[in-house]
Amino acid sequence: MAKYYDVHPDNPQPRAIGQVADSIRQGGLIAYPTDSCFALGCQLGSRDGIERIRSIRQLDDRHHFTLVCENFAQLGQFVHVDNDVFRAVKASTPGSYTFILPATREVPRKLMHPKKKTVGVRIPDHRVAQALLAELGEPLVSSTLLLPDEEEPLTQGWEIKERLDYLVDAVVDSGDCGTEPTTVIDFSSGEAEIIRKGAGDTSRFE
């Protein structure tokens with residue numbers, strides 16, 4: 001049964017955030033809010049967590065997972081960013097964007113695109129997500145909480161708790177989330193390619 005954490009959206013309670021981070025370190029899978037939608041998240045090296053995300057969302061091996069990072073310095077440990085791309089990404093973070101970039105050796109092979117060796121990265125503009133990332137001290141492996149055969153992500157923590165009670169270990173609720181996922185920009189070729197138009201403004205990449 002999932003533990004339910006009612007977290008203040010502007011001043012997240014340190015104790016609750018600490019307990020959620022401990023759950024992640026112990027291999028737990030969580031549902032948590034971001035600046036776009038609720039997401040599923042697990043520890044970077046958790047094979048079990050990644051497989052549970054695949055199972056819940058019914059994803060195949062080609063799905064791009066996202067490393068949700070606390071800041072730009074952390075993001076730079078996991079992807080290669082050249083100067084031109086650096087400026088574009090820096091200007092858009094934190095925010096509702098996912099950037100696909102060449103992965104460094106710090107990224108587990110299971111998380112990379114099998115042929116391109118790329119990975120998605122993002123820095124959320126959300127206080128609860130940021131508090132959790134700061135406490136954890138490493139990125140979260142994440143995927144939008146969009147269930148199979150449903151057109152929109154779940155937006156309310158209580159409903160997620162009800163529907164995924166035995167599939168996740170913790171639900172972090174800080175109020176309703178949006179239904180629009182991140183805008184996805186592929187920079188793996190050095191040029192911006194808009195893969196998905198979402199919550200982030202695409203005008204600077206067009």
# chains A, B, ... in the order shown; residues from 1 in each chain; ligands from 1

$ residues_around --residues "Val85 of chain A" --least-positions-apart "2" --cutoff "12 Å" --atoms "only C-alpha atoms" --output "list in words"
Gly76, Val79, His80, Val81, Asp82, Asn83, Arg87, Ala88, Val89, Lys90, Ala91, Ser92, Phe99, Ile100, Leu101, Pro102, Ile185, Asp186, Phe187, Ser188, Ser189, Gly190, Glu191, Ala192, Glu193 and Phe205 of chain A

$ residues_around --residues "Val68 of chain A" --least-positions-apart "2" --cutoff "9 Å" --atoms "only C-alpha atoms" --output "number ranges by chain"
A: 41, 66, 70, 75, 98, 120-124, 133, 138-142

$ residues_around --residues "segment 18-28 of chain A" --least-positions-apart "4" --cutoff "10 Å" --atoms "only C-alpha atoms" --output "VMD selection string"
chain A and resid 2 to 5 13 to 14 32 41 to 49 52 131 to 137 140 168 to 172

$ select_by_dssp --residues "segment 44-195 of chain A" --states "strand (DSSP E or B)" --output "compact mmCIF listing (two decimals) with N, CA and C atoms, in the first residue's frame"
# COMPACT_ATOMS: atom_id res chain seq x y z
N THR A 66 13.32 10.14 -18.64
CA THR A 66 13.87 11.46 -18.37
C THR A 66 14.61 11.47 -17.05
N LEU A 67 15.79 12.08 -17.04
CA LEU A 67 16.48 12.33 -15.78
C LEU A 67 16.07 13.73 -15.31
N VAL A 68 15.33 13.78 -14.22
CA VAL A 68 14.86 15.05 -13.67
C VAL A 68 15.93 15.54 -12.70
N VAL A 79 24.72 14.59 -19.40
CA VAL A 79 24.61 14.79 -20.86
C VAL A 79 25.73 15.70 -21.35
N TYR A 97 10.29 21.85 -19.94
CA TYR A 97 10.96 21.33 -21.15
C TYR A 97 11.73 20.07 -20.81
N THR A 98 11.73 19.13 -21.75
CA THR A 98 12.63 17.98 -21.69
C THR A 98 13.56 18.09 -22.90
N PHE A 99 14.86 17.97 -22.66
CA PHE A 99 15.85 18.06 -23.73
C PHE A 99 16.50 16.69 -23.95
N ILE A 100 16.53 16.26 -25.20
CA ILE A 100 17.19 15.00 -25.53
C ILE A 100 18.59 15.32 -26.01
N LEU A 101 19.59 14.76 -25.31
CA LEU A 101 21.00 15.07 -25.56
C LEU A 101 21.84 13.81 -25.46
N PRO A 102 23.05 13.83 -26.03
CA PRO A 102 23.94 12.66 -25.91
C PRO A 102 24.28 12.40 -24.45
N ALA A 103 24.17 11.15 -24.04
CA ALA A 103 24.39 10.78 -22.64
C ALA A 103 25.88 10.61 -22.34
N THR A 118 21.27 8.49 -26.42
CA THR A 118 20.81 9.78 -25.89
C THR A 118 19.92 9.52 -24.68
N VAL A 119 19.65 10.60 -23.94
CA VAL A 119 18.73 10.51 -22.80
C VAL A 119 18.02 11.85 -22.66
N GLY A 120 16.83 11.83 -22.11
CA GLY A 120 16.10 13.06 -21.85
C GLY A 120 16.48 13.63 -20.49
N VAL A 121 16.61 14.94 -20.40
CA VAL A 121 16.92 15.61 -19.12
C VAL A 121 16.01 16.83 -18.97
N ARG A 122 15.73 17.16 -17.70
CA ARG A 122 14.95 18.37 -17.46
C ARG A 122 15.15 18.88 -16.04
N LEU A 140 16.18 12.08 -10.50
CA LEU A 140 15.15 11.05 -10.49
C LEU A 140 14.94 10.54 -11.91
N VAL A 141 14.88 9.24 -12.07
CA VAL A 141 14.48 8.67 -13.35
C VAL A 141 12.96 8.78 -13.42
N SER A 142 12.45 9.47 -14.42
CA SER A 142 11.02 9.79 -14.42
C SER A 142 10.34 9.55 -15.76
N SER A 143 9.02 9.44 -15.65
CA SER A 143 8.16 9.34 -16.82
C SER A 143 6.81 9.93 -16.45
N THR A 144 6.18 10.64 -17.37
CA THR A 144 4.86 11.23 -17.11
C THR A 144 3.87 10.16 -16.64
N ALA A 170 4.94 5.44 -2.76
CA ALA A 170 4.58 6.72 -2.15
C ALA A 170 3.90 7.62 -3.18
N VAL A 171 2.95 8.40 -2.70
CA VAL A 171 2.30 9.44 -3.52
C VAL A 171 2.53 10.77 -2.82
N VAL A 172 3.14 11.71 -3.54
CA VAL A 172 3.40 13.05 -3.01
C VAL A 172 2.36 13.99 -3.62
N ASP A 173 1.55 14.59 -2.77
CA ASP A 173 0.46 15.45 -3.25
C ASP A 173 0.67 16.87 -2.73
N THR A 183 7.27 20.11 -23.08
CA THR A 183 7.71 20.23 -24.48
C THR A 183 9.03 19.49 -24.61
N VAL A 184 9.16 18.67 -25.65
CA VAL A 184 10.38 17.87 -25.84
C VAL A 184 11.17 18.41 -27.03
N ILE A 185 12.42 18.77 -26.76
CA ILE A 185 13.31 19.29 -27.80
C ILE A 185 14.50 18.35 -27.94
N ASP A 186 14.72 17.84 -29.14
CA ASP A 186 15.85 16.94 -29.41
C ASP A 186 17.03 17.75 -29.93
N GLU A 193 15.21 20.16 -32.63
CA GLU A 193 14.09 19.51 -33.32
C GLU A 193 12.97 19.33 -32.31
N ILE A 194 11.82 19.91 -32.57
CA ILE A 194 10.69 19.82 -31.64
C ILE A 194 10.01 18.47 -31.83
N ILE A 195 10.11 17.63 -30.80
CA ILE A 195 9.54 16.28 -30.86
C ILE A 195 8.09 16.30 -30.38

$ atom_distance --atom1 "atom CA of Ser174 of chain A" --atom2 "atom CA of Asp10 of chain A"
8.8 Å

$ atom_distance --atom1 "atom CA of Thr34 of chain A" --atom2 "atom CA of Ala129 of chain A"
5.9 Å

$ atom_distance --atom1 "atom CA of Glu162 of chain A" --atom2 "atom CA of Asp149 of chain A"
17.9 Å

$ select_by_dssp --residues "segment 120-172 of chain A" --states "alpha helix (DSSP H)" --output "list in words"
Arg127, Val128, Ala129, Gln130, Ala131, Leu132, Leu133, Ala134, Glu135, Leu136, Gly157, Trp158, Glu159, Ile160, Lys161, Glu162 and Arg163 of chain A

$ closest_residue --among "A:Thr202, A:His64, A:Pro9, A:Gln74" --to "Lys115 of chain A" --atoms "only C-alpha atoms"
A:His64

$ closest_residue --among "A:Glu159, A:Thr182, A:Ser96, A:Leu147" --to "Leu59 of chain A" --atoms "only C-alpha atoms"
A:Leu147

$ decode --residues "segment 97-125 of chain A" --atoms "N, CA, C and O atoms" --output "compact mmCIF listing (two decimals), in the first residue's frame"
# COMPACT_ATOMS: atom_id res chain seq x y z
N TYR A 97 10.29 21.85 -19.94
CA TYR A 97 10.96 21.33 -21.15
C TYR A 97 11.73 20.07 -20.81
O TYR A 97 12.32 19.96 -19.73
N THR A 98 11.73 19.13 -21.75
CA THR A 98 12.63 17.98 -21.69
C THR A 98 13.56 18.09 -22.90
O THR A 98 13.09 18.28 -24.03
N PHE A 99 14.86 17.97 -22.66
CA PHE A 99 15.85 18.06 -23.73
C PHE A 99 16.50 16.69 -23.95
O PHE A 99 16.95 16.05 -22.98
N ILE A 100 16.53 16.26 -25.20
CA ILE A 100 17.19 15.00 -25.53
C ILE A 100 18.59 15.32 -26.01
O ILE A 100 18.79 16.06 -26.98
N LEU A 101 19.59 14.76 -25.31
CA LEU A 101 21.00 15.07 -25.56
C LEU A 101 21.84 13.81 -25.46
O LEU A 101 21.42 12.81 -24.85
N PRO A 102 23.05 13.83 -26.03
CA PRO A 102 23.94 12.66 -25.91
C PRO A 102 24.28 12.40 -24.45
O PRO A 102 24.65 13.31 -23.71
N ALA A 103 24.17 11.15 -24.04
CA ALA A 103 24.39 10.78 -22.64
C ALA A 103 25.88 10.61 -22.34
O ALA A 103 26.67 10.22 -23.21
N THR A 104 26.27 10.92 -21.10
CA THR A 104 27.63 10.65 -20.64
C THR A 104 27.68 9.23 -20.07
O THR A 104 26.67 8.53 -19.98
N ARG A 105 28.87 8.82 -19.62
CA ARG A 105 29.02 7.48 -19.05
C ARG A 105 28.32 7.32 -17.71
O ARG A 105 28.19 6.20 -17.20
N GLU A 106 27.89 8.45 -17.13
CA GLU A 106 27.18 8.38 -15.85
C GLU A 106 25.77 7.80 -16.00
O GLU A 106 25.17 7.39 -15.01
N VAL A 107 25.27 7.75 -17.21
CA VAL A 107 23.90 7.29 -17.44
C VAL A 107 23.90 5.77 -17.66
O VAL A 107 24.60 5.27 -18.54
N PRO A 108 23.11 5.03 -16.87
CA PRO A 108 23.00 3.58 -17.10
C PRO A 108 22.51 3.28 -18.51
O PRO A 108 21.65 3.98 -19.04
N ARG A 109 23.08 2.24 -19.10
CA ARG A 109 22.75 1.88 -20.49
C ARG A 109 21.25 1.67 -20.69
O ARG A 109 20.69 1.99 -21.74
N LYS A 110 20.60 1.14 -19.68
CA LYS A 110 19.16 0.87 -19.78
C LYS A 110 18.33 2.11 -20.03
O LYS A 110 17.21 2.04 -20.52
N LEU A 111 18.87 3.26 -19.66
CA LEU A 111 18.12 4.51 -19.79
C LEU A 111 18.37 5.21 -21.12
O LEU A 111 17.66 6.15 -21.47
N MET A 112 19.40 4.79 -21.82
CA MET A 112 19.74 5.44 -23.10
C MET A 112 18.88 4.91 -24.23
O MET A 112 18.42 3.77 -24.20
N HIS A 113 18.71 5.76 -25.26
CA HIS A 113 18.13 5.28 -26.51
C HIS A 113 19.10 4.23 -27.07
O HIS A 113 20.30 4.46 -27.15
N PRO A 114 18.60 3.02 -27.41
CA PRO A 114 19.51 1.92 -27.76
C PRO A 114 20.46 2.22 -28.93
O PRO A 114 21.58 1.71 -28.96
N LYS A 115 20.03 3.03 -29.89
CA LYS A 115 20.90 3.32 -31.04
C LYS A 115 21.60 4.67 -30.92
O LYS A 115 22.78 4.80 -31.19
N LYS A 116 20.86 5.68 -30.50
CA LYS A 116 21.43 7.04 -30.49
C LYS A 116 22.29 7.34 -29.26
O LYS A 116 23.04 8.30 -29.25
N LYS A 117 22.14 6.52 -28.19
CA LYS A 117 22.86 6.75 -26.92
C LYS A 117 22.55 8.14 -26.36
O LYS A 117 23.42 8.88 -25.93
N THR A 118 21.27 8.49 -26.42
CA THR A 118 20.81 9.78 -25.89
C THR A 118 19.92 9.52 -24.68
O THR A 118 19.46 8.39 -24.44
N VAL A 119 19.65 10.60 -23.94
CA VAL A 119 18.73 10.51 -22.80
C VAL A 119 18.02 11.85 -22.66
O VAL A 119 18.55 12.89 -23.06
N GLY A 120 16.83 11.83 -22.11
CA GLY A 120 16.10 13.06 -21.85
C GLY A 120 16.48 13.63 -20.49
O GLY A 120 16.65 12.87 -19.52
N VAL A 121 16.61 14.94 -20.40
CA VAL A 121 16.92 15.61 -19.12
C VAL A 121 16.01 16.83 -18.97
O VAL A 121 15.61 17.44 -19.95
N ARG A 122 15.73 17.16 -17.70
CA ARG A 122 14.95 18.37 -17.46
C ARG A 122 15.15 18.88 -16.04
O ARG A 122 15.57 18.13 -15.15
N ILE A 123 14.88 20.16 -15.84
CA ILE A 123 14.96 20.80 -14.53
C ILE A 123 13.59 21.43 -14.26
O ILE A 123 13.21 22.40 -14.93
N PRO A 124 12.82 20.88 -13.33
CA PRO A 124 11.46 21.38 -13.12
C PRO A 124 11.42 22.69 -12.34
O PRO A 124 12.25 22.94 -11.47
N ASP A 125 10.43 23.51 -12.67
CA ASP A 125 10.19 24.75 -11.95
C ASP A 125 9.04 24.49 -10.98
O ASP A 125 7.91 24.96 -11.18
